[in-house]
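Coordinates as given in coords-v3.cif (mmCIF, C-alpha atoms and all ligand atoms):
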```cif
data_upload
#
loop_
_atom_site.group_PDB
_atom_site.id
_atom_site.type_symbol
_atom_site.label_atom_id
_atom_site.label_comp_id
_atom_site.auth_asym_id
_atom_site.auth_seq_id
_atom_site.Cartn_x
_atom_site.Cartn_y
_atom_site.Cartn_z
ATOM 1 C CA MET A 1 113.660 107.381 139.339
ATOM 2 C CA SER A 2 116.546 107.471 141.827
ATOM 3 C CA THR A 3 116.276 109.339 145.126
ATOM 4 C CA PRO A 4 118.854 112.069 144.307
ATOM 5 C CA LEU A 5 117.083 112.752 141.022
ATOM 6 C CA ALA A 6 113.616 112.928 142.576
ATOM 7 C CA ARG A 7 114.931 115.160 145.363
ATOM 8 C CA LEU A 8 116.629 117.413 142.855
ATOM 9 C CA LEU A 9 113.480 117.860 140.773
ATOM 10 C CA ARG A 10 111.479 118.650 143.899
ATOM 11 C CA GLN A 11 114.099 121.247 144.895
ATOM 12 C CA GLU A 12 114.009 122.797 141.406
ATOM 13 C CA GLN A 13 110.218 123.026 141.615
ATOM 14 C CA LEU A 14 110.379 124.618 145.060
ATOM 15 C CA ALA A 15 113.003 127.087 143.849
ATOM 16 C CA PHE A 16 110.702 127.953 140.911
ATOM 17 C CA LEU A 17 107.668 128.427 143.154
ATOM 18 C CA THR A 18 109.384 130.388 145.908
ATOM 19 C CA ARG A 19 111.011 132.939 143.589
ATOM 20 C CA ASP A 20 109.722 136.495 143.771
ATOM 21 C CA HIS A 21 106.824 136.430 141.279
ATOM 22 C CA SER A 22 106.103 140.168 141.407
ATOM 23 C CA ALA A 23 107.504 140.786 137.907
ATOM 24 C CA TRP A 24 106.012 137.590 136.408
ATOM 25 C CA GLY A 25 102.534 138.947 135.604
ATOM 26 C CA GLY A 26 103.189 139.558 131.903
ATOM 27 C CA HIS A 27 104.786 136.144 131.465
ATOM 28 C CA LEU A 28 102.045 134.299 133.323
ATOM 29 C CA ASP A 29 99.307 136.062 131.336
ATOM 30 C CA GLN A 30 100.956 135.186 128.024
ATOM 31 C CA VAL A 31 101.877 131.596 128.828
ATOM 32 C CA ARG A 32 98.425 130.823 130.297
ATOM 33 C CA ALA A 33 96.712 132.405 127.292
ATOM 34 C CA PHE A 34 98.860 130.383 124.877
ATOM 35 C CA LEU A 35 98.487 127.039 126.668
ATOM 36 C CA GLY A 36 94.806 127.782 127.337
ATOM 37 C CA GLU A 37 94.240 128.283 123.620
ATOM 38 C CA GLY A 38 95.906 124.929 122.982
ATOM 39 C CA LEU A 39 93.645 123.199 125.510
ATOM 40 C CA GLN A 40 90.509 124.829 124.093
ATOM 41 C CA ALA A 41 91.453 123.960 120.522
ATOM 42 C CA ALA A 42 92.084 120.311 121.446
ATOM 43 C CA ASP A 43 89.711 117.642 120.148
ATOM 44 C CA PRO A 44 87.939 116.561 123.384
ATOM 45 C CA ALA A 45 87.350 113.105 121.903
ATOM 46 C CA ARG A 46 91.104 112.408 121.913
ATOM 47 C CA PRO A 47 93.668 112.276 124.751
ATOM 48 C CA VAL A 48 95.603 115.446 125.548
ATOM 49 C CA LEU A 49 99.069 115.416 127.100
ATOM 50 C CA VAL A 50 100.665 118.252 129.129
ATOM 51 C CA LEU A 51 104.451 117.809 129.397
ATOM 52 C CA GLY A 52 106.269 119.654 132.190
ATOM 53 C CA ALA A 53 102.915 120.146 133.884
ATOM 54 C CA GLY A 54 104.644 121.025 137.179
ATOM 55 C CA SER A 55 102.411 122.620 139.787
ATOM 56 C CA GLY A 56 100.120 124.069 137.125
ATOM 57 C CA LEU A 57 101.249 127.656 137.672
ATOM 58 C CA GLU A 58 101.333 128.164 133.903
ATOM 59 C CA VAL A 59 98.651 125.656 132.886
ATOM 60 C CA PRO A 60 94.938 126.647 132.981
ATOM 61 C CA TRP A 61 93.651 123.186 133.879
ATOM 62 C CA ALA A 62 90.032 124.431 133.992
ATOM 63 C CA LEU A 63 90.191 124.540 130.170
ATOM 64 C CA ALA A 64 91.630 121.033 129.801
ATOM 65 C CA PRO A 65 89.403 118.365 128.198
ATOM 66 C CA PRO A 66 88.438 115.488 130.528
ATOM 67 C CA ASP A 67 91.000 113.047 129.087
ATOM 68 C CA THR A 68 94.054 115.225 129.801
ATOM 69 C CA THR A 69 97.153 113.668 131.367
ATOM 70 C CA GLY A 70 99.881 115.618 133.145
ATOM 71 C CA TRP A 71 103.519 114.551 132.863
ATOM 72 C CA ASP A 72 106.246 115.722 135.209
ATOM 73 C CA ALA A 73 109.076 113.848 136.899
ATOM 74 C CA ASP A 74 108.743 115.884 140.094
ATOM 75 C CA PRO A 75 107.029 113.439 142.488
ATOM 76 C CA TRP A 76 105.001 116.272 144.076
ATOM 77 C CA SER A 77 103.801 117.895 140.841
ATOM 78 C CA ARG A 78 100.446 116.112 140.724
ATOM 79 C CA CYS A 79 99.646 117.066 144.341
ATOM 80 C CA TRP A 80 100.651 120.699 143.739
ATOM 81 C CA THR A 81 98.394 120.754 140.677
ATOM 82 C CA ALA A 82 95.507 119.188 142.607
ATOM 83 C CA LEU A 83 95.854 121.817 145.338
ATOM 84 C CA ARG A 84 96.024 124.676 142.866
ATOM 85 C CA HIS A 85 93.322 123.544 140.410
ATOM 86 C CA ARG A 86 91.167 121.132 142.430
ATOM 87 C CA ARG A 87 91.748 118.501 139.751
ATOM 88 C CA TRP A 88 93.319 115.064 140.304
ATOM 89 C CA ALA A 89 94.469 114.427 136.738
ATOM 90 C CA PRO A 90 96.009 111.191 135.433
ATOM 91 C CA TRP A 91 99.776 111.625 135.645
ATOM 92 C CA VAL A 92 103.087 110.222 134.418
ATOM 93 C CA PHE A 93 106.166 110.852 136.563
ATOM 94 C CA ALA A 94 108.851 109.608 134.156
ATOM 95 C CA ASP A 95 111.944 111.440 132.904
ATOM 96 C CA LEU A 96 111.141 113.098 129.570
ATOM 97 C CA THR A 97 114.709 112.871 128.302
ATOM 98 C CA GLY A 98 114.915 109.143 129.033
ATOM 99 C CA GLY A 99 118.617 109.748 129.702
ATOM 100 C CA LEU A 100 118.936 110.971 133.275
ATOM 101 C CA SER A 101 119.357 107.524 134.887
ATOM 102 C CA GLU A 102 122.094 106.611 132.416
ATOM 103 C CA LEU A 103 123.735 109.992 133.025
ATOM 104 C CA GLU A 104 123.569 109.461 136.771
ATOM 105 C CA ALA A 105 125.175 106.016 136.442
ATOM 106 C CA ALA A 106 127.942 107.469 134.258
ATOM 107 C CA VAL A 107 128.711 110.246 136.750
ATOM 108 C CA ARG A 108 128.805 107.771 139.627
ATOM 109 C CA ARG A 109 131.232 105.578 137.642
ATOM 110 C CA THR A 110 133.514 108.542 137.072
ATOM 111 C CA VAL A 111 133.551 110.147 140.522
ATOM 112 C CA ALA A 112 134.393 106.848 142.231
ATOM 113 C CA GLU A 113 136.007 103.581 141.106
ATOM 114 C CA PRO A 114 133.134 101.080 140.734
ATOM 115 C CA TRP A 115 135.289 98.185 142.017
ATOM 116 C CA SER A 116 136.608 99.847 145.194
ATOM 117 C CA GLY A 117 134.261 102.790 145.785
ATOM 118 C CA ARG A 118 137.358 105.003 146.181
ATOM 119 C CA ARG A 119 136.744 108.570 144.989
ATOM 120 C CA ARG A 120 138.838 109.692 142.047
ATOM 121 C CA GLY A 121 140.623 113.022 142.015
ATOM 122 C CA ARG A 122 138.402 115.866 140.818
ATOM 123 C CA GLU A 123 140.370 116.618 137.621
ATOM 124 C CA GLN A 124 140.609 112.949 136.695
ATOM 125 C CA ALA A 125 136.872 112.468 137.223
ATOM 126 C CA ILE A 126 136.050 115.554 135.144
ATOM 127 C CA LEU A 127 138.152 114.336 132.210
ATOM 128 C CA ARG A 128 136.702 110.839 132.422
ATOM 129 C CA LEU A 129 133.157 112.156 132.370
ATOM 130 C CA ALA A 130 133.896 114.539 129.480
ATOM 131 C CA GLY A 131 135.209 111.508 127.557
ATOM 132 C CA LEU A 132 132.211 109.344 128.457
ATOM 133 C CA LEU A 133 129.370 111.791 127.756
ATOM 134 C CA PRO A 134 129.534 111.607 123.928
ATOM 135 C CA SER A 135 128.623 107.912 124.141
ATOM 136 C CA LEU A 136 125.354 108.697 125.948
ATOM 137 C CA HIS A 137 122.325 109.118 123.699
ATOM 138 C CA PRO A 138 119.203 110.059 125.652
ATOM 139 C CA ASP A 139 116.177 108.247 124.265
ATOM 140 C CA PRO A 140 112.708 109.196 125.606
ATOM 141 C CA THR A 141 111.330 105.649 125.435
ATOM 142 C CA ALA A 142 108.586 106.255 128.032
ATOM 143 C CA LEU A 143 107.229 109.210 126.051
ATOM 144 C CA ARG A 144 107.341 107.290 122.768
ATOM 145 C CA ALA A 145 105.551 104.311 124.349
ATOM 146 C CA TRP A 146 102.825 106.512 125.865
ATOM 147 C CA ILE A 147 102.186 108.289 122.568
ATOM 148 C CA THR A 148 102.082 105.008 120.632
ATOM 149 C CA ALA A 149 99.614 103.523 123.112
ATOM 150 C CA ARG A 150 97.313 106.552 123.587
ATOM 151 C CA ARG A 151 97.583 108.516 120.295
ATOM 152 C CA PRO A 152 96.988 112.011 121.768
ATOM 153 C CA GLY A 153 95.402 114.603 119.469
ATOM 154 C CA THR A 154 97.169 117.488 121.227
ATOM 155 C CA ILE A 155 100.433 117.760 123.134
ATOM 156 C CA LEU A 156 101.439 120.801 125.185
ATOM 157 C CA SER A 157 105.071 121.212 126.234
ATOM 158 C CA ALA A 158 104.843 123.630 129.147
ATOM 159 C CA ASN A 159 108.247 125.166 129.728
ATOM 160 C CA VAL A 160 110.111 121.908 130.245
ATOM 161 C CA MET A 161 112.501 121.547 127.306
ATOM 162 C CA GLY A 162 114.795 124.341 128.498
ATOM 163 C CA GLN A 163 115.064 122.523 131.844
ATOM 164 C CA PHE A 164 116.631 119.347 130.434
ATOM 165 C CA GLY A 165 120.164 120.762 130.550
ATOM 166 C CA VAL A 166 119.635 122.589 133.846
ATOM 167 C CA VAL A 167 118.496 119.419 135.607
ATOM 168 C CA ALA A 168 121.320 117.369 134.057
ATOM 169 C CA GLU A 169 123.904 119.929 135.199
ATOM 170 C CA ARG A 170 122.473 120.009 138.744
ATOM 171 C CA LEU A 171 122.667 116.220 138.810
ATOM 172 C CA VAL A 172 126.338 116.280 137.823
ATOM 173 C CA GLU A 173 127.091 118.974 140.425
ATOM 174 C CA THR A 174 125.249 117.030 143.144
ATOM 175 C CA LEU A 175 127.191 113.838 142.467
ATOM 176 C CA PHE A 176 130.504 115.701 142.222
ATOM 177 C CA GLY A 177 129.720 117.409 145.531
ATOM 178 C CA GLY A 178 130.341 120.842 143.964
ATOM 179 C CA SER A 179 130.733 122.592 140.655
ATOM 180 C CA PRO A 180 132.957 120.758 138.140
ATOM 181 C CA TRP A 181 132.736 123.601 135.591
ATOM 182 C CA THR A 182 135.572 125.951 134.682
ATOM 183 C CA ARG A 183 134.509 129.435 135.755
ATOM 184 C CA ASP A 184 136.875 131.361 133.490
ATOM 185 C CA PRO A 185 135.185 131.903 130.094
ATOM 186 C CA GLU A 186 138.652 132.233 128.519
ATOM 187 C CA VAL A 187 139.604 128.679 129.533
ATOM 188 C CA ALA A 188 138.309 125.657 127.585
ATOM 189 C CA ASP A 189 135.845 123.481 129.495
ATOM 190 C CA PRO A 190 135.570 120.058 127.809
ATOM 191 C CA LEU A 191 133.021 118.844 130.373
ATOM 192 C CA ALA A 192 130.717 121.834 129.815
ATOM 193 C CA GLU A 193 131.003 121.319 126.059
ATOM 194 C CA ALA A 194 130.181 117.624 126.360
ATOM 195 C CA MET A 195 127.239 118.451 128.653
ATOM 196 C CA ASP A 196 125.985 120.994 126.142
ATOM 197 C CA ALA A 197 126.117 118.388 123.387
ATOM 198 C CA TRP A 198 124.204 115.944 125.646
ATOM 199 C CA THR A 199 121.498 118.586 126.174
ATOM 200 C CA HIS A 200 121.291 119.170 122.421
ATOM 201 C CA ARG A 201 120.831 115.428 121.815
ATOM 202 C CA ALA A 202 118.189 115.177 124.571
ATOM 203 C CA ALA A 203 116.114 118.099 123.252
ATOM 204 C CA ALA A 204 116.442 116.894 119.641
ATOM 205 C CA ALA A 205 115.317 113.340 120.526
ATOM 206 C CA PHE A 206 112.343 114.786 122.452
ATOM 207 C CA LEU A 207 111.316 116.994 119.510
ATOM 208 C CA VAL A 208 111.622 114.171 116.991
ATOM 209 C CA ILE A 209 109.134 112.139 119.042
ATOM 210 C CA LEU A 210 106.753 115.113 119.173
ATOM 211 C CA ARG A 211 107.166 115.686 115.433
ATOM 212 C CA GLU A 212 106.261 112.076 114.706
ATOM 213 C CA SER A 213 103.409 111.928 117.224
ATOM 214 C CA GLY A 214 100.657 112.933 114.791
ATOM 215 C CA ALA A 215 99.413 115.441 117.395
ATOM 216 C CA ASP A 216 98.914 119.200 117.280
ATOM 217 C CA LEU A 217 101.796 120.734 119.236
ATOM 218 C CA TRP A 218 101.784 123.761 121.549
ATOM 219 C CA LEU A 219 105.316 124.356 122.785
ATOM 220 C CA VAL A 220 106.597 126.939 125.260
ATOM 221 C CA HIS A 221 110.265 127.002 126.253
ATOM 222 C CA ASP A 222 113.090 129.264 127.315
ATOM 223 C CA ARG A 223 114.857 130.234 124.119
ATOM 224 C CA ALA A 224 117.616 132.292 125.740
ATOM 225 C CA VAL A 225 118.692 133.494 129.163
ATOM 226 C CA VAL A 226 120.243 136.958 129.305
ATOM 227 C CA PHE A 227 122.109 138.166 132.375
ATOM 228 C CA THR A 228 121.575 141.913 132.591
ATOM 229 C CA GLU A 229 119.648 144.595 134.500
ATOM 230 C CA ALA A 230 119.487 146.717 131.344
ATOM 231 C CA PRO A 231 116.185 146.799 129.455
ATOM 232 C CA LEU A 232 116.000 144.504 126.435
ATOM 233 C CA GLY A 233 113.773 144.896 123.411
ATOM 234 C CA LEU A 234 112.161 142.600 120.873
ATOM 235 C CA GLY A 235 111.743 143.312 117.197
ATOM 236 C CA SER A 236 109.168 141.606 115.020
ATOM 237 C CA TRP A 237 109.328 137.809 114.699
ATOM 238 C CA GLU A 238 112.492 136.370 113.165
ATOM 239 C CA ASN A 239 112.962 132.630 112.743
ATOM 240 C CA ARG A 240 116.460 133.088 114.168
ATOM 241 C CA TRP A 241 115.884 134.398 117.700
ATOM 242 C CA PRO A 242 119.198 136.349 118.084
ATOM 243 C CA GLN A 243 118.009 138.598 115.254
ATOM 244 C CA GLN A 244 114.820 139.449 117.162
ATOM 245 C CA LEU A 245 116.451 140.210 120.513
ATOM 246 C CA GLN A 246 117.588 143.819 120.858
ATOM 247 C CA GLY A 247 120.051 145.219 123.382
ATOM 248 C CA ALA A 248 121.813 141.935 124.190
ATOM 249 C CA GLU A 249 124.881 142.597 122.049
ATOM 250 C CA GLY A 250 128.048 141.950 124.059
ATOM 251 C CA LEU A 251 126.075 140.537 127.017
ATOM 252 C CA GLU A 252 126.212 137.082 128.562
ATOM 253 C CA VAL A 253 123.474 135.110 126.798
ATOM 254 C CA SER A 254 123.017 131.409 127.381
ATOM 255 C CA ASP A 255 121.038 129.068 125.166
ATOM 256 C CA PRO A 256 119.163 126.407 127.187
ATOM 257 C CA LEU A 257 118.567 124.387 124.005
ATOM 258 C CA SER A 258 122.262 124.275 123.130
ATOM 259 C CA GLY A 259 121.894 125.585 119.597
ATOM 260 C CA LEU A 260 118.857 123.498 118.649
ATOM 261 C CA ASP A 261 116.642 125.199 116.076
ATOM 262 C CA VAL A 262 113.080 124.232 117.008
ATOM 263 C CA MET A 263 111.478 125.802 113.932
ATOM 264 C CA THR A 264 113.748 123.882 111.556
ATOM 265 C CA LEU A 265 113.391 120.601 113.407
ATOM 266 C CA LEU A 266 109.600 120.769 113.594
ATOM 267 C CA GLY A 267 108.763 122.827 110.539
ATOM 268 C CA GLY A 268 109.486 121.981 106.954
ATOM 269 C CA THR A 269 106.862 121.037 104.453
ATOM 270 C CA GLU A 270 104.748 118.747 106.629
ATOM 271 C CA ARG A 271 104.007 120.864 109.666
ATOM 272 C CA ILE A 272 102.746 124.392 109.481
ATOM 273 C CA PRO A 273 103.433 126.690 112.448
ATOM 274 C CA PHE A 274 100.306 128.777 113.029
ATOM 275 C CA ARG A 275 101.424 130.578 116.218
ATOM 276 C CA THR A 276 104.865 132.062 116.659
ATOM 277 C CA GLN A 277 105.415 134.342 119.627
ATOM 278 C CA ARG A 278 108.272 135.419 121.839
ATOM 279 C CA TRP A 279 108.276 137.570 124.942
ATOM 280 C CA LEU A 280 110.671 138.618 127.697
ATOM 281 C CA TRP A 281 110.257 137.187 131.185
ATOM 282 C CA PRO A 282 112.135 139.011 133.987
ATOM 283 C CA VAL A 283 112.740 135.884 136.081
ATOM 284 C CA ALA A 284 114.953 137.488 138.736
ATOM 285 C CA PRO A 285 116.955 140.694 139.159
ATOM 286 C CA GLY A 286 119.619 140.666 136.444
ATOM 287 C CA GLN A 287 118.148 137.603 134.706
ATOM 288 C CA GLN A 288 115.744 137.826 131.777
ATOM 289 C CA HIS A 289 114.468 134.903 129.732
ATOM 290 C CA LEU A 290 113.442 135.062 126.121
ATOM 291 C CA VAL A 291 110.425 132.747 126.009
ATOM 292 C CA GLU A 292 109.313 131.149 122.749
ATOM 293 C CA ALA A 293 105.785 129.854 122.138
ATOM 294 C CA VAL A 294 105.101 128.025 118.883
ATOM 295 C CA ALA A 295 102.143 125.923 117.771
ATOM 296 C CA PHE A 296 102.109 123.424 114.913
ATOM 297 C CA ARG A 297 99.170 121.588 113.377
ATOM 298 C CA ALA A 298 99.603 117.896 112.786
ATOM 299 C CA PRO A 299 99.949 116.995 109.121
ATOM 300 C CA ARG A 300 96.431 116.088 107.913
ATOM 301 C CA LEU A 301 96.189 112.688 106.231
ATOM 302 C CA GLY A 302 95.756 112.993 102.491
ATOM 303 C CA ALA A 303 96.632 116.702 102.572
HETATM 304 C C1 LIG B 1 109.842 125.597 134.694
HETATM 305 S S1 LIG B 1 108.999 124.285 135.384
HETATM 306 C C2 LIG B 1 107.461 124.319 134.456
HETATM 307 C C3 LIG B 1 106.345 124.778 135.285
HETATM 308 C C4 LIG B 1 104.987 124.225 134.890
HETATM 309 N N1 LIG B 1 104.702 124.381 133.494
HETATM 310 C C5 LIG B 1 103.899 124.845 135.734
HETATM 311 O O1 LIG B 1 102.904 125.294 135.194
HETATM 312 O O2 LIG B 1 104.049 124.831 136.948
HETATM 313 C C6 LIG B 1 109.750 122.844 134.626
HETATM 314 C C7 LIG B 1 109.112 121.522 135.036
HETATM 315 O O3 LIG B 1 109.741 120.487 134.280
HETATM 316 C C8 LIG B 1 109.957 119.361 135.111
HETATM 317 N N2 LIG B 1 111.085 118.626 134.536
HETATM 318 C C9 LIG B 1 112.356 119.089 134.362
HETATM 319 N N3 LIG B 1 113.104 118.168 133.752
HETATM 320 C C10 LIG B 1 112.299 117.098 133.527
HETATM 321 C C11 LIG B 1 112.498 115.833 132.914
HETATM 322 N N4 LIG B 1 113.700 115.482 132.431
HETATM 323 N N5 LIG B 1 111.456 114.979 132.830
HETATM 324 C C12 LIG B 1 110.238 115.339 133.315
HETATM 325 N N6 LIG B 1 109.987 116.513 133.916
HETATM 326 C C13 LIG B 1 111.005 117.387 134.015
HETATM 327 C C14 LIG B 1 110.233 119.938 136.478
HETATM 328 O O4 LIG B 1 109.912 119.007 137.496
HETATM 329 C C15 LIG B 1 109.318 121.173 136.498
HETATM 330 O O5 LIG B 1 108.068 120.893 137.050
#
```
As structure tokens, the full file:
Amino acid sequence: MSTPLARLLRQEQLAFLTRDHSAWGGHLDQVRAFLGEGLQAADPARPVLVLGAGSGLEVPWALAPPDTTGWDADPWSRCWTALRHRRWAPWVFADLTGGLSELEAAVRRTVAEPWSGRRRGREQAILRLAGLLPSLHPDPTALRAWITARRPGTILSANVMGQFGVVAERLVETLFGGSPWTRDPEVADPLAEAMDAWTHRAAAAFLVILRESGADLWLVHDRAVVFTEAPLGLGSWENRWPQQLQGAEGLEVSDPLSGLDVMTLLGGTERIPFRTQRWLWPVAPGQQHLVEAVAFRAPRLGA
């Protein structure tokens, strides 16, 4: 992993940890209970994998079977987890999208001419990158290889999928030396659209690997981010999350999964979701996340 990328992930982790946690109690209780249930239900005779393990703020490692591996690209995540949980777990530090290095190379090629190193004009670089992004297809090869080699019985995805786009956008901003996005919502932004499509492809490729892993899946992710101080409500479970969210009509709502429908991609006839929960997480003043937690049993052979 390149230095800017590693630094960026460390900064994101620090930003996450140093936020004001005073309103996080409800979220932390629910996410720990959900992931804890996944760890307790895991077959201890088989490997368990925790994706987006981070510092372990949300992961009750005391409940993890002995052969549990953490996975997080932040180079400090394993140390943070060891400090918090007194457990030095096996760890993988690779990028879960498999596409960040290629994205970084593409941005570098667009901000400066590869042959001379001369920086291109901002507008020219933005258009070049918007044109190049559709040819990038993130492929989580490291994750696929690990799963093929170790055959985990249970995989937890601990609030990482909604970060794929955030990290990719920060990477683009870092290499551009500022924001390349159009701020005016009335004006078309081809780069933001292309970035959104990249995020969709990255999350879809990740989920396809999980779907084909043969493991029980316990997934927690940001389903929506709503920018408002006003109280929001949640109705009873609806497969389509906008129908469950109440009070967000006319507000700025962003979708960290870029339109991906997790239930459709993972569900169907083979996998049966046996936990479906959503809750609101007041992350910061004026910013509330709709968190989704869903668990799927692996298809049983011969069933
Ligand atoms: C919101 S935090 C999750 C916190 C974590 N579950 C915990 O208990 O501390 C998201 C985590 O995903 C990691 N991450 C983000 N993008 C990643 C990627 N492409 N590959 C691997 N890890 C990534 C970050 O380093 C961060 O630790």
Selection dump of the PyMOL selection byres (((chain A and resi 216) around 8) and not hetatm), as a ChimeraX atom specification: /A:153-155,214-215,217-218,295-298
Please indicate the distance in Å from atom CA of A:Pro273 to atom CA of A:Phe206, rounded to one decimal place.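 Between atom CA of A:Pro273 and atom CA of A:Phe206 the gap is 17.9 Å.
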Any chance you could tabulate, as a tab-separated table, the residues of chain A at most 7 Å from ligand LIG 1 (chain B) with each one's nearest atom pair and distance in Å to one decimal, using only C-alpha atoms and all ligand atoms, in chain and rising number order?
```
residue	atom	partner	partner_atom	distance
A:Leu9	CA	B:LIG1	O4	5.0
A:Arg10	CA	B:LIG1	O4	6.6
A:Glu12	CA	B:LIG1	O4	6.8
A:Gln13	CA	B:LIG1	O5	5.5
A:Phe16	CA	B:LIG1	C1	6.7
A:Gly52	CA	B:LIG1	O3	4.1
A:Ala53	CA	B:LIG1	N1	4.6
A:Gly54	CA	B:LIG1	O5	3.4
A:Ser55	CA	B:LIG1	O2	4.0
A:Gly56	CA	B:LIG1	O1	3.6
A:Leu57	CA	B:LIG1	O1	3.8
A:Glu58	CA	B:LIG1	O1	3.5
A:Val59	CA	B:LIG1	O1	4.9
A:Trp71	CA	B:LIG1	C12	6.8
A:Asp72	CA	B:LIG1	N6	4.0
A:Ala73	CA	B:LIG1	C12	4.1
A:Asp74	CA	B:LIG1	O4	4.2
A:Ser77	CA	B:LIG1	O5	6.4
A:Phe93	CA	B:LIG1	C12	6.9
A:Ala94	CA	B:LIG1	C12	6.0
A:Asp95	CA	B:LIG1	N5	3.6
A:Leu96	CA	B:LIG1	N5	3.8
A:Thr97	CA	B:LIG1	N4	5.0
A:Leu100	CA	B:LIG1	N4	7.0
A:Ala158	CA	B:LIG1	N1	4.4
A:Asn159	CA	B:LIG1	C2	4.9
A:Val160	CA	B:LIG1	O3	4.3
A:Gln163	CA	B:LIG1	C9	5.0
A:Phe164	CA	B:LIG1	N3	5.0
A:Val167	CA	B:LIG1	N3	5.8
```
Mind listing as an MDAnalysis selection string all residues within 12 Å of (99.5, 132.5, 128.0), counting all atoms listed in the file? chainID A and resid 24:39 57:60 158:159 218:220 277:279 291:294
Do a neighbour search on A:Thr110 at 12 Å with only C-alpha atoms, toss out local chain neighbours closer than 2 positions, and write the hits as a PyMOL selection string. chain A and resi 103-108+112-115+117-133+172+175-176
Nearest residue to A:Ala202 from the set A:Gly70, A:Gly165, A:Gly259, A:Pro152 (distances using all atoms listed in the file):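 Of A:Gly70, A:Gly165, A:Gly259, A:Pro152, the one nearest A:Ala202, counting all atoms listed in the file, is A:Gly165.
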Distance criterion (all atoms listed in the file): nearest to A:Trp146 out of A:Gly162, A:Leu51, A:Ala168, A:Gly235: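 Distance minimum relative to A:Trp146 lands on A:Leu51.
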Nearest residue to A:Val262 from the set A:Ala248, A:Gln243, A:Gln288, A:His221 (distances using only C-alpha atoms):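 When distances to A:Val262 are compared using only C-alpha atoms, the smallest one comes from A:His221.
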What does the distance from atom CA of A:Arg150 to atom CA of A:Ala82 come to in Å, to one decimal? 22.9 Å
Tell me, in Å to one decimal, how far atom CA of A:Thr276 is from atom CA of A:Trp237.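 Atom CA of A:Trp237 lies 7.5 Å from atom CA of A:Thr276.
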Restricting the calculation to all atoms listed in the file, which member of A:Ala284, A:Val187, A:Ala62, A:Leu83 is positioned closest to A:Ser22?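 Among the listed residues, A:Ala284 lies closest to A:Ser22.
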Long-range neighbours of A:Gln287 as an mmCIF file with C-alpha atoms, in the frame of the given file, 10 Å cut-off, all atoms listed in the file, 6 positions minimum in chain:
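Once everything was written out, this is around.cif:
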```
data_model
loop_
_atom_site.group_PDB
_atom_site.id
_atom_site.type_symbol
_atom_site.label_atom_id
_atom_site.label_comp_id
_atom_site.auth_asym_id
_atom_site.auth_seq_id
_atom_site.Cartn_x
_atom_site.Cartn_y
_atom_site.Cartn_z
ATOM 1 C CA VAL A 225 118.692 133.494 129.163
ATOM 2 C CA VAL A 226 120.243 136.958 129.305
ATOM 3 C CA PHE A 227 122.109 138.166 132.375
ATOM 4 C CA THR A 228 121.575 141.913 132.591
ATOM 5 C CA GLU A 229 119.648 144.595 134.500
ATOM 6 C CA ALA A 230 119.487 146.717 131.344
ATOM 7 C CA VAL A 253 123.474 135.110 126.798
ATOM 8 C CA TRP A 281 110.257 137.187 131.185
#
```
